[in-house]
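Engineer: This is structure_4.cif (mmCIF, C-alpha atoms; chains and numbers go by the auth columns).
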data_work
#
loop_
_atom_site.group_PDB
_atom_site.id
_atom_site.type_symbol
_atom_site.label_atom_id
_atom_site.label_comp_id
_atom_site.label_asym_id
_atom_site.label_seq_id
_atom_site.Cartn_x
_atom_site.Cartn_y
_atom_site.Cartn_z
_atom_site.B_iso_or_equiv
_atom_site.auth_seq_id
_atom_site.auth_asym_id
ATOM 1 C CA MET A 1 106.602 17.467 120.660 0.00 309 A
ATOM 2 C CA ASN A 2 109.564 16.115 118.721 0.00 310 A
ATOM 3 C CA LEU A 3 109.543 17.116 115.070 0.00 311 A
ATOM 4 C CA GLU A 4 111.720 15.221 112.621 0.00 312 A
ATOM 5 C CA ILE A 5 113.302 17.421 110.001 0.00 313 A
ATOM 6 C CA PHE A 6 111.831 15.508 107.052 0.00 314 A
ATOM 7 C CA ASP A 7 108.379 15.475 108.623 0.00 315 A
ATOM 8 C CA LEU A 8 108.732 19.189 109.204 0.00 316 A
ATOM 9 C CA LEU A 9 109.636 19.853 105.575 0.00 317 A
ATOM 10 C CA SER A 10 106.894 17.603 104.208 0.00 318 A
ATOM 11 C CA ASN A 11 104.299 19.322 106.384 0.00 319 A
ATOM 12 C CA ALA A 12 105.523 22.824 105.606 0.00 320 A
ATOM 13 C CA SER A 13 103.348 25.112 103.532 0.00 321 A
ATOM 14 C CA LEU A 14 103.827 25.054 99.755 0.00 322 A
ATOM 15 C CA PRO A 15 105.401 28.547 99.549 0.00 323 A
ATOM 16 C CA VAL A 16 107.980 27.592 102.184 0.00 324 A
ATOM 17 C CA GLN A 17 108.725 24.312 100.401 0.00 325 A
ATOM 18 C CA ILE A 18 109.300 26.214 97.151 0.00 326 A
ATOM 19 C CA ILE A 19 111.606 28.650 98.919 0.00 327 A
ATOM 20 C CA LEU A 20 113.563 25.813 100.528 0.00 328 A
ATOM 21 C CA LEU A 21 113.887 24.095 97.144 0.00 329 A
ATOM 22 C CA ILE A 22 115.225 27.305 95.589 0.00 330 A
ATOM 23 C CA LEU A 23 117.758 27.653 98.404 0.00 331 A
ATOM 24 C CA VAL A 24 118.896 24.031 98.105 0.00 332 A
ATOM 25 C CA VAL A 25 119.357 24.401 94.346 0.00 333 A
ATOM 26 C CA ALA A 26 121.259 27.672 94.897 0.00 334 A
ATOM 27 C CA SER A 27 123.484 25.997 97.482 0.00 335 A
ATOM 28 C CA VAL A 28 124.309 23.044 95.216 0.00 336 A
ATOM 29 C CA LEU A 29 124.962 25.410 92.303 0.00 337 A
ATOM 30 C CA SER A 30 127.253 27.583 94.399 0.00 338 A
ATOM 31 C CA TRP A 31 129.355 24.572 95.436 0.00 339 A
ATOM 32 C CA ILE A 32 129.633 23.465 91.795 0.00 340 A
ATOM 33 C CA LEU A 33 130.767 26.961 90.801 0.00 341 A
ATOM 34 C CA ILE A 34 133.234 27.157 93.693 0.00 342 A
ATOM 35 C CA PHE A 35 134.972 23.896 92.781 0.00 343 A
ATOM 36 C CA GLU A 36 134.913 24.603 89.027 0.00 344 A
ATOM 37 C CA ARG A 37 136.386 28.095 89.403 0.00 345 A
ATOM 38 C CA PHE A 38 138.882 26.895 92.018 0.00 346 A
ATOM 39 C CA PHE A 39 140.385 24.294 89.682 0.00 347 A
ATOM 40 C CA THR A 40 140.333 26.730 86.744 0.00 348 A
ATOM 41 C CA LEU A 41 142.118 29.463 88.707 0.00 349 A
ATOM 42 C CA SER A 42 144.552 26.980 90.251 0.00 350 A
ATOM 43 C CA LYS A 43 145.568 25.820 86.779 0.00 351 A
ATOM 44 C CA ALA A 44 145.924 29.422 85.616 0.00 352 A
ATOM 45 C CA THR A 45 148.063 30.262 88.649 0.00 353 A
ATOM 46 C CA LYS A 46 150.293 27.215 88.256 0.00 354 A
ATOM 47 C CA ASN A 47 150.959 27.639 84.537 0.00 355 A
ATOM 48 C CA SER A 48 151.432 31.392 84.774 0.00 356 A
ATOM 49 C CA HIS A 49 153.860 31.067 87.686 0.00 357 A
ATOM 50 C CA GLU A 50 155.868 28.435 85.830 0.00 358 A
ATOM 51 C CA VAL A 51 156.572 30.638 82.814 0.00 359 A
ATOM 52 C CA GLU A 52 157.096 33.699 85.030 0.00 360 A
ATOM 53 C CA ASP A 53 159.620 31.849 87.218 0.00 361 A
ATOM 54 C CA GLN A 54 161.520 30.615 84.176 0.00 362 A
ATOM 55 C CA PHE A 55 161.669 34.164 82.851 0.00 363 A
ATOM 56 C CA TRP A 56 162.847 35.650 86.164 0.00 364 A
ATOM 57 C CA GLU A 57 165.493 32.921 86.419 0.00 365 A
ATOM 58 C CA GLY A 58 167.025 34.099 83.140 0.00 366 A
ATOM 59 C CA GLU A 59 165.535 31.753 80.568 0.00 367 A
ATOM 60 C CA SER A 60 165.537 33.329 77.116 0.00 368 A
ATOM 61 C CA VAL A 61 162.228 34.634 75.814 0.00 369 A
ATOM 62 C CA GLU A 62 162.826 32.882 72.516 0.00 370 A
ATOM 63 C CA LYS A 63 163.164 29.459 74.149 0.00 371 A
ATOM 64 C CA LEU A 64 160.080 30.039 76.275 0.00 372 A
ATOM 65 C CA TYR A 65 158.191 31.086 73.157 0.00 373 A
ATOM 66 C CA PHE A 66 159.012 27.948 71.184 0.00 374 A
ATOM 67 C CA ASP A 67 158.239 25.763 74.205 0.00 375 A
ATOM 68 C CA LEU A 68 154.784 27.356 74.399 0.00 376 A
ATOM 69 C CA LYS A 69 154.199 26.997 70.666 0.00 377 A
ATOM 70 C CA GLU A 70 154.288 23.231 71.138 0.00 378 A
ATOM 71 C CA LYS A 71 151.135 23.462 73.246 0.00 379 A
ATOM 72 C CA ASP A 72 147.596 23.958 72.020 0.00 380 A
ATOM 73 C CA LEU A 73 146.574 27.593 72.175 0.00 381 A
ATOM 74 C CA ILE A 74 143.444 26.737 74.153 0.00 382 A
ATOM 75 C CA GLU A 75 145.587 25.255 76.933 0.00 383 A
ATOM 76 C CA LEU A 76 147.640 28.402 77.494 0.00 384 A
ATOM 77 C CA GLU A 77 147.056 30.591 80.536 0.00 385 A
ATOM 78 C CA THR A 78 147.385 34.337 81.068 0.00 386 A
ATOM 79 C CA SER A 79 151.151 34.868 81.367 0.00 387 A
ATOM 80 C CA GLU A 80 151.795 32.318 78.642 0.00 388 A
ATOM 81 C CA LEU A 81 149.512 34.206 76.263 0.00 389 A
ATOM 82 C CA VAL A 82 151.225 37.455 77.232 0.00 390 A
ATOM 83 C CA LEU A 83 154.628 36.029 76.340 0.00 391 A
ATOM 84 C CA LEU A 84 153.397 34.750 72.981 0.00 392 A
ATOM 85 C CA THR A 85 151.826 38.111 72.182 0.00 393 A
ATOM 86 C CA VAL A 86 154.855 40.201 73.125 0.00 394 A
ATOM 87 C CA TYR A 87 157.348 37.976 71.333 0.00 395 A
ATOM 88 C CA GLU A 88 155.332 37.763 68.119 0.00 396 A
ATOM 89 C CA GLU A 89 154.643 41.494 68.046 0.00 397 A
ATOM 90 C CA PHE A 90 158.265 42.503 68.532 0.00 398 A
ATOM 91 C CA SER A 91 159.640 39.810 66.222 0.00 399 A
ATOM 92 C CA ASP A 92 157.562 41.252 63.368 0.00 400 A
ATOM 93 C CA LYS A 93 159.176 44.684 63.722 0.00 401 A
ATOM 94 C CA THR A 94 162.578 45.322 62.202 0.00 402 A
ATOM 95 C CA SER A 95 162.999 48.601 64.070 0.00 403 A
ATOM 96 C CA LYS A 96 161.366 49.334 67.401 0.00 404 A
ATOM 97 C CA LYS A 97 159.741 52.698 67.911 0.00 405 A
ATOM 98 C CA THR A 98 157.781 54.282 70.727 0.00 406 A
ATOM 99 C CA GLU A 99 154.599 53.742 68.728 0.00 407 A
ATOM 100 C CA ASP A 100 155.393 50.037 68.540 0.00 408 A
ATOM 101 C CA LEU A 101 155.839 49.888 72.287 0.00 409 A
ATOM 102 C CA GLU A 102 152.469 51.533 72.864 0.00 410 A
ATOM 103 C CA SER A 103 150.832 49.183 70.368 0.00 411 A
ATOM 104 C CA VAL A 104 152.196 46.098 72.154 0.00 412 A
ATOM 105 C CA GLU A 105 151.102 47.460 75.530 0.00 413 A
ATOM 106 C CA ARG A 106 147.565 47.976 74.240 0.00 414 A
ATOM 107 C CA LEU A 107 147.474 44.481 72.799 0.00 415 A
ATOM 108 C CA VAL A 108 148.688 42.983 76.076 0.00 416 A
ATOM 109 C CA ARG A 109 145.950 44.833 77.946 0.00 417 A
ATOM 110 C CA VAL A 110 143.406 43.350 75.545 0.00 418 A
ATOM 111 C CA VAL A 111 144.799 39.856 76.185 0.00 419 A
ATOM 112 C CA ILE A 112 144.677 40.308 79.964 0.00 420 A
ATOM 113 C CA ASN A 113 141.175 41.795 79.844 0.00 421 A
ATOM 114 C CA ARG A 114 139.945 38.818 77.838 0.00 422 A
ATOM 115 C CA GLU A 115 141.600 36.474 80.313 0.00 423 A
ATOM 116 C CA GLU A 116 139.933 38.314 83.190 0.00 424 A
ATOM 117 C CA GLU A 117 136.581 37.833 81.489 0.00 425 A
ATOM 118 C CA ARG A 118 137.270 34.113 80.999 0.00 426 A
ATOM 119 C CA LEU A 119 138.610 33.450 84.490 0.00 427 A
ATOM 120 C CA SER A 120 135.864 35.445 86.233 0.00 428 A
ATOM 121 C CA LYS A 121 133.091 33.554 84.453 0.00 429 A
ATOM 122 C CA ASN A 122 130.156 32.793 86.812 0.00 430 A
ATOM 123 C CA LEU A 123 131.743 34.645 89.750 0.00 431 A
ATOM 124 C CA SER A 124 128.951 37.219 89.462 0.00 432 A
ATOM 125 C CA LEU A 125 126.414 34.399 89.875 0.00 433 A
ATOM 126 C CA LEU A 126 128.225 33.309 93.028 0.00 434 A
ATOM 127 C CA ALA A 127 128.027 36.866 94.335 0.00 435 A
ATOM 128 C CA THR A 128 124.315 36.977 93.531 0.00 436 A
ATOM 129 C CA ILE A 129 123.680 33.768 95.494 0.00 437 A
ATOM 130 C CA SER A 130 125.656 35.028 98.481 0.00 438 A
ATOM 131 C CA SER A 131 123.737 38.302 98.614 0.00 439 A
ATOM 132 C CA SER A 132 120.233 37.055 97.795 0.00 440 A
ATOM 133 C CA ALA A 133 120.031 33.740 99.688 0.00 441 A
ATOM 134 C CA PRO A 134 119.584 35.350 103.153 0.00 442 A
ATOM 135 C CA TYR A 135 116.701 37.453 101.840 0.00 443 A
ATOM 136 C CA ILE A 136 115.050 34.456 100.214 0.00 444 A
ATOM 137 C CA GLY A 137 115.404 32.615 103.521 0.00 445 A
ATOM 138 C CA LEU A 138 113.971 35.637 105.296 0.00 446 A
ATOM 139 C CA LEU A 139 110.936 35.484 103.013 0.00 447 A
ATOM 140 C CA GLY A 140 110.424 31.875 104.069 0.00 448 A
ATOM 141 C CA THR A 141 110.759 32.956 107.682 0.00 449 A
ATOM 142 C CA VAL A 142 108.076 35.600 107.301 0.00 450 A
ATOM 143 C CA ILE A 143 105.724 33.136 105.611 0.00 451 A
ATOM 144 C CA GLY A 144 106.351 30.571 108.359 0.00 452 A
ATOM 145 C CA ILE A 145 105.566 33.071 111.091 0.00 453 A
ATOM 146 C CA ILE A 146 102.414 34.165 109.263 0.00 454 A
ATOM 147 C CA ASN A 147 101.346 30.511 109.107 0.00 455 A
ATOM 148 C CA ALA A 148 102.064 30.145 112.818 0.00 456 A
ATOM 149 C CA PHE A 149 99.807 33.054 113.694 0.00 457 A
ATOM 150 C CA ALA A 150 97.186 31.853 111.237 0.00 458 A
ATOM 151 C CA GLY A 151 97.177 28.532 113.073 0.00 459 A
ATOM 152 C CA LEU A 152 96.246 30.329 116.277 0.00 460 A
ATOM 153 C CA SER A 153 92.956 31.452 114.782 0.00 461 A
ATOM 154 C CA THR A 154 91.860 27.847 114.297 0.00 462 A
ATOM 155 C CA THR A 155 92.564 26.723 117.853 0.00 463 A
ATOM 156 C CA ALA A 156 90.527 27.517 120.903 0.00 464 A
ATOM 157 C CA GLN A 157 93.484 27.238 123.243 0.00 465 A
ATOM 158 C CA LEU A 158 97.006 28.599 122.775 0.00 466 A
ATOM 159 C CA THR A 159 99.507 25.748 123.057 0.00 467 A
ATOM 160 C CA LEU A 160 103.061 25.181 121.901 0.00 468 A
ATOM 161 C CA SER A 161 101.928 22.489 119.480 0.00 469 A
ATOM 162 C CA SER A 162 99.669 24.941 117.695 0.00 470 A
ATOM 163 C CA VAL A 163 102.474 27.350 116.793 0.00 471 A
ATOM 164 C CA ALA A 164 105.494 25.037 116.726 0.00 472 A
ATOM 165 C CA PRO A 165 105.156 23.876 113.097 0.00 473 A
ATOM 166 C CA GLY A 166 104.979 27.419 111.708 0.00 474 A
ATOM 167 C CA ILE A 167 107.809 28.693 113.892 0.00 475 A
ATOM 168 C CA SER A 168 109.943 25.649 113.058 0.00 476 A
ATOM 169 C CA GLU A 169 109.580 26.019 109.304 0.00 477 A
ATOM 170 C CA ALA A 170 110.383 29.708 109.690 0.00 478 A
ATOM 171 C CA LEU A 171 113.633 28.912 111.500 0.00 479 A
ATOM 172 C CA VAL A 172 114.528 26.209 108.968 0.00 480 A
ATOM 173 C CA ALA A 173 114.098 28.702 106.120 0.00 481 A
ATOM 174 C CA THR A 174 116.435 31.125 107.891 0.00 482 A
ATOM 175 C CA ALA A 175 119.041 28.432 108.502 0.00 483 A
ATOM 176 C CA VAL A 176 118.962 27.109 104.934 0.00 484 A
ATOM 177 C CA GLY A 177 119.265 30.639 103.585 0.00 485 A
ATOM 178 C CA LEU A 178 122.395 31.228 105.656 0.00 486 A
ATOM 179 C CA LEU A 179 123.822 27.816 104.743 0.00 487 A
ATOM 180 C CA ALA A 180 123.468 28.735 101.085 0.00 488 A
ATOM 181 C CA ALA A 181 124.840 32.260 101.460 0.00 489 A
ATOM 182 C CA ILE A 182 127.879 31.766 103.708 0.00 490 A
ATOM 183 C CA PRO A 183 129.852 29.294 101.514 0.00 491 A
ATOM 184 C CA ALA A 184 128.976 31.336 98.412 0.00 492 A
ATOM 185 C CA LEU A 185 130.255 34.529 100.041 0.00 493 A
ATOM 186 C CA ILE A 186 133.479 32.931 101.292 0.00 494 A
ATOM 187 C CA GLY A 187 134.032 31.238 97.936 0.00 495 A
ATOM 188 C CA TYR A 188 133.435 34.458 96.019 0.00 496 A
ATOM 189 C CA ASN A 189 135.886 36.438 98.160 0.00 497 A
ATOM 190 C CA GLN A 190 138.610 33.803 97.979 0.00 498 A
ATOM 191 C CA LEU A 191 138.214 33.197 94.252 0.00 499 A
ATOM 192 C CA THR A 192 138.195 36.923 93.512 0.00 500 A
ATOM 193 C CA ARG A 193 141.404 37.308 95.470 0.00 501 A
ATOM 194 C CA LYS A 194 142.947 34.384 93.578 0.00 502 A
ATOM 195 C CA LEU A 195 141.901 35.962 90.269 0.00 503 A
ATOM 196 C CA GLU A 196 143.417 39.316 91.215 0.00 504 A
ATOM 197 C CA ASN A 197 146.711 37.618 92.106 0.00 505 A
ATOM 198 C CA VAL A 198 146.854 35.932 88.696 0.00 506 A
ATOM 199 C CA LEU A 199 146.089 39.140 86.802 0.00 507 A
ATOM 200 C CA ASN A 200 148.435 41.328 88.852 0.00 508 A
ATOM 201 C CA GLY A 201 151.249 38.813 88.431 0.00 509 A
ATOM 202 C CA SER A 202 150.657 38.704 84.683 0.00 510 A
ATOM 203 C CA LEU A 203 150.643 42.507 84.470 0.00 511 A
ATOM 204 C CA ALA A 204 153.978 42.761 86.288 0.00 512 A
ATOM 205 C CA PHE A 205 155.365 40.006 84.081 0.00 513 A
ATOM 206 C CA ALA A 206 154.121 41.783 80.950 0.00 514 A
ATOM 207 C CA GLU A 207 155.732 45.084 81.936 0.00 515 A
ATOM 208 C CA GLU A 208 159.140 43.503 82.476 0.00 516 A
ATOM 209 C CA LEU A 209 158.826 41.356 79.374 0.00 517 A
ATOM 210 C CA ILE A 210 157.913 44.328 77.171 0.00 518 A
ATOM 211 C CA THR A 211 160.777 46.415 78.589 0.00 519 A
ATOM 212 C CA LYS A 212 163.299 43.648 78.013 0.00 520 A
ATOM 213 C CA SER A 213 162.033 42.874 74.503 0.00 521 A
ATOM 214 C CA TYR A 214 161.998 46.558 73.533 0.00 522 A
ATOM 215 C CA ARG A 215 165.617 47.084 74.600 0.00 523 A
ATOM 216 C CA ASN A 216 166.941 43.987 72.850 0.00 524 A
#
Kindly transcribe the structure held in the file into structure tokens.
Structural biologist:
Amino acid sequence: MNLEIFDLLSNASLPVQIILLILVVASVLSWILIFERFFTLSKATKNSHEVEDQFWEGESVEKLYFDLKEKDLIELETSELVLLTVYEEFSDKTSKKTEDLESVERLVRVVINREEERLSKNLSLLATISSSAPYIGLLGTVIGIINAFAGLSTTAQLTLSSVAPGISEALVATAVGLLAAIPALIGYNQLTRKLENVLNGSLAFAEELITKSYRN
């Protein structure tokens, strides 16, 4: 007996249909989060690398600072905010002491921590989808198998057609659960790695920037 996928879903039990709907919504949401975070982190990486490269190539901190001041503060990314913070803190001090250095380092850590919170927004939701979707699909599988065995009690003769619908909806629930979980897991791992690269690069940049500003 050939079962079309849409016929199979329309004839599935209500609990399985609800589970499949939840998984489809989770899958769509995960793809939205993946693309949104990807573009956000790509922009952060690009802008941070630009100011870092200019610094490593010998551009003066003062020139970089005034170039960044021409931008809106909301448009600035991690390393750009670090440069603004370090320059403004040291420029306000006529004499530089060890206490001043420690104060700037603490402030930079606050800036980077806030940036980590901003850039990691919704990544925890992506992790939740990747870890929970297989179990939700497994619940649909169990319900489908229960329905398959329940169908046996209403038939006098055991045939493939009597158990096929329940088994099929069980397998569909498993497949949809995996289809929702796998992209979310891959996306979460890749985006987390991208976030760590941005933050680690900004930390290294901040250390060198603070050292150079303190000595000058």
Engineer: Go ahead and compute the interatomic distance for CA of Leu433 (chain A) and CA of Leu322 (chain A), in Å to one decimal.
Structural biologist: 26.4 Å
Engineer: Please write the residues picked by the PyMOL selection byres ((chain A and resi 481-483) around 6) on this file as a ChimeraX atom specification.
Structural biologist: /A:445-446,448-449,478-480,484-486
Engineer: Selected by the PyMOL selection byres ((chain A and resi 491) around 9) in the shown coordinates: which residues, as JSON, numbers by chain?
Structural biologist: {"A": [335, 338, 339, 342, 438, 486, 487, 488, 489, 490, 492, 493, 494, 495, 496]}
Engineer: Please, could you write that set of residues out with C-alpha atoms as a PDB file, in the frame of the given file?
Structural biologist:
ATOM      1  CA  SER A 335     123.484  25.997  97.482  1.00  0.00           C
ATOM      2  CA  SER A 338     127.253  27.583  94.399  1.00  0.00           C
ATOM      3  CA  TRP A 339     129.355  24.572  95.436  1.00  0.00           C
ATOM      4  CA  ILE A 342     133.234  27.157  93.693  1.00  0.00           C
ATOM      5  CA  SER A 438     125.656  35.028  98.481  1.00  0.00           C
ATOM      6  CA  LEU A 486     122.395  31.228 105.656  1.00  0.00           C
ATOM      7  CA  LEU A 487     123.822  27.816 104.743  1.00  0.00           C
ATOM      8  CA  ALA A 488     123.468  28.735 101.085  1.00  0.00           C
ATOM      9  CA  ALA A 489     124.840  32.260 101.460  1.00  0.00           C
ATOM     10  CA  ILE A 490     127.879  31.766 103.708  1.00  0.00           C
ATOM     11  CA  ALA A 492     128.976  31.336  98.412  1.00  0.00           C
ATOM     12  CA  LEU A 493     130.255  34.529 100.041  1.00  0.00           C
ATOM     13  CA  ILE A 494     133.479  32.931 101.292  1.00  0.00           C
ATOM     14  CA  GLY A 495     134.032  31.238  97.936  1.00  0.00           C
ATOM     15  CA  TYR A 496     133.435  34.458  96.019  1.00  0.00           C
TER      16      TYR A 496
END
Engineer: Go through A:Phe346, A:Tyr395, A:Ile453, A:Arg422 and flag the residue nearest Asn497 (chain A), using all atoms listed in the file for the distances.
Structural biologist: A:Phe346
Engineer: Counting all atoms listed in the file, which residue out of A:Asn505, A:Ile475, A:Glu367, A:Arg523 sits closest to Lys354 (chain A)?
Structural biologist: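 Nearest candidate to Lys354 (chain A) out of A:Asn505, A:Ile475, A:Glu367, A:Arg523: A:Asn505.
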Engineer: Report, in Å to a single decimal, how far apart CA of Phe343 (chain A) and CA of Ile326 (chain A) are.
Structural biologist: 26.1 Å
Engineer: So how far away is CA of Lys502 (chain A) from CA of Lys429 (chain A), in Å?
Structural biologist: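 These atoms are spaced 13.5 Å apart.
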Engineer: Excluding same-chain residues fewer than 6 positions from Glu424 (chain A), what lies within 9 Å of it counting only C-alpha atoms, as a list in words?
Structural biologist: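 The contact residues come out as Thr386, Leu503, Glu504 and Leu507 of chain A.
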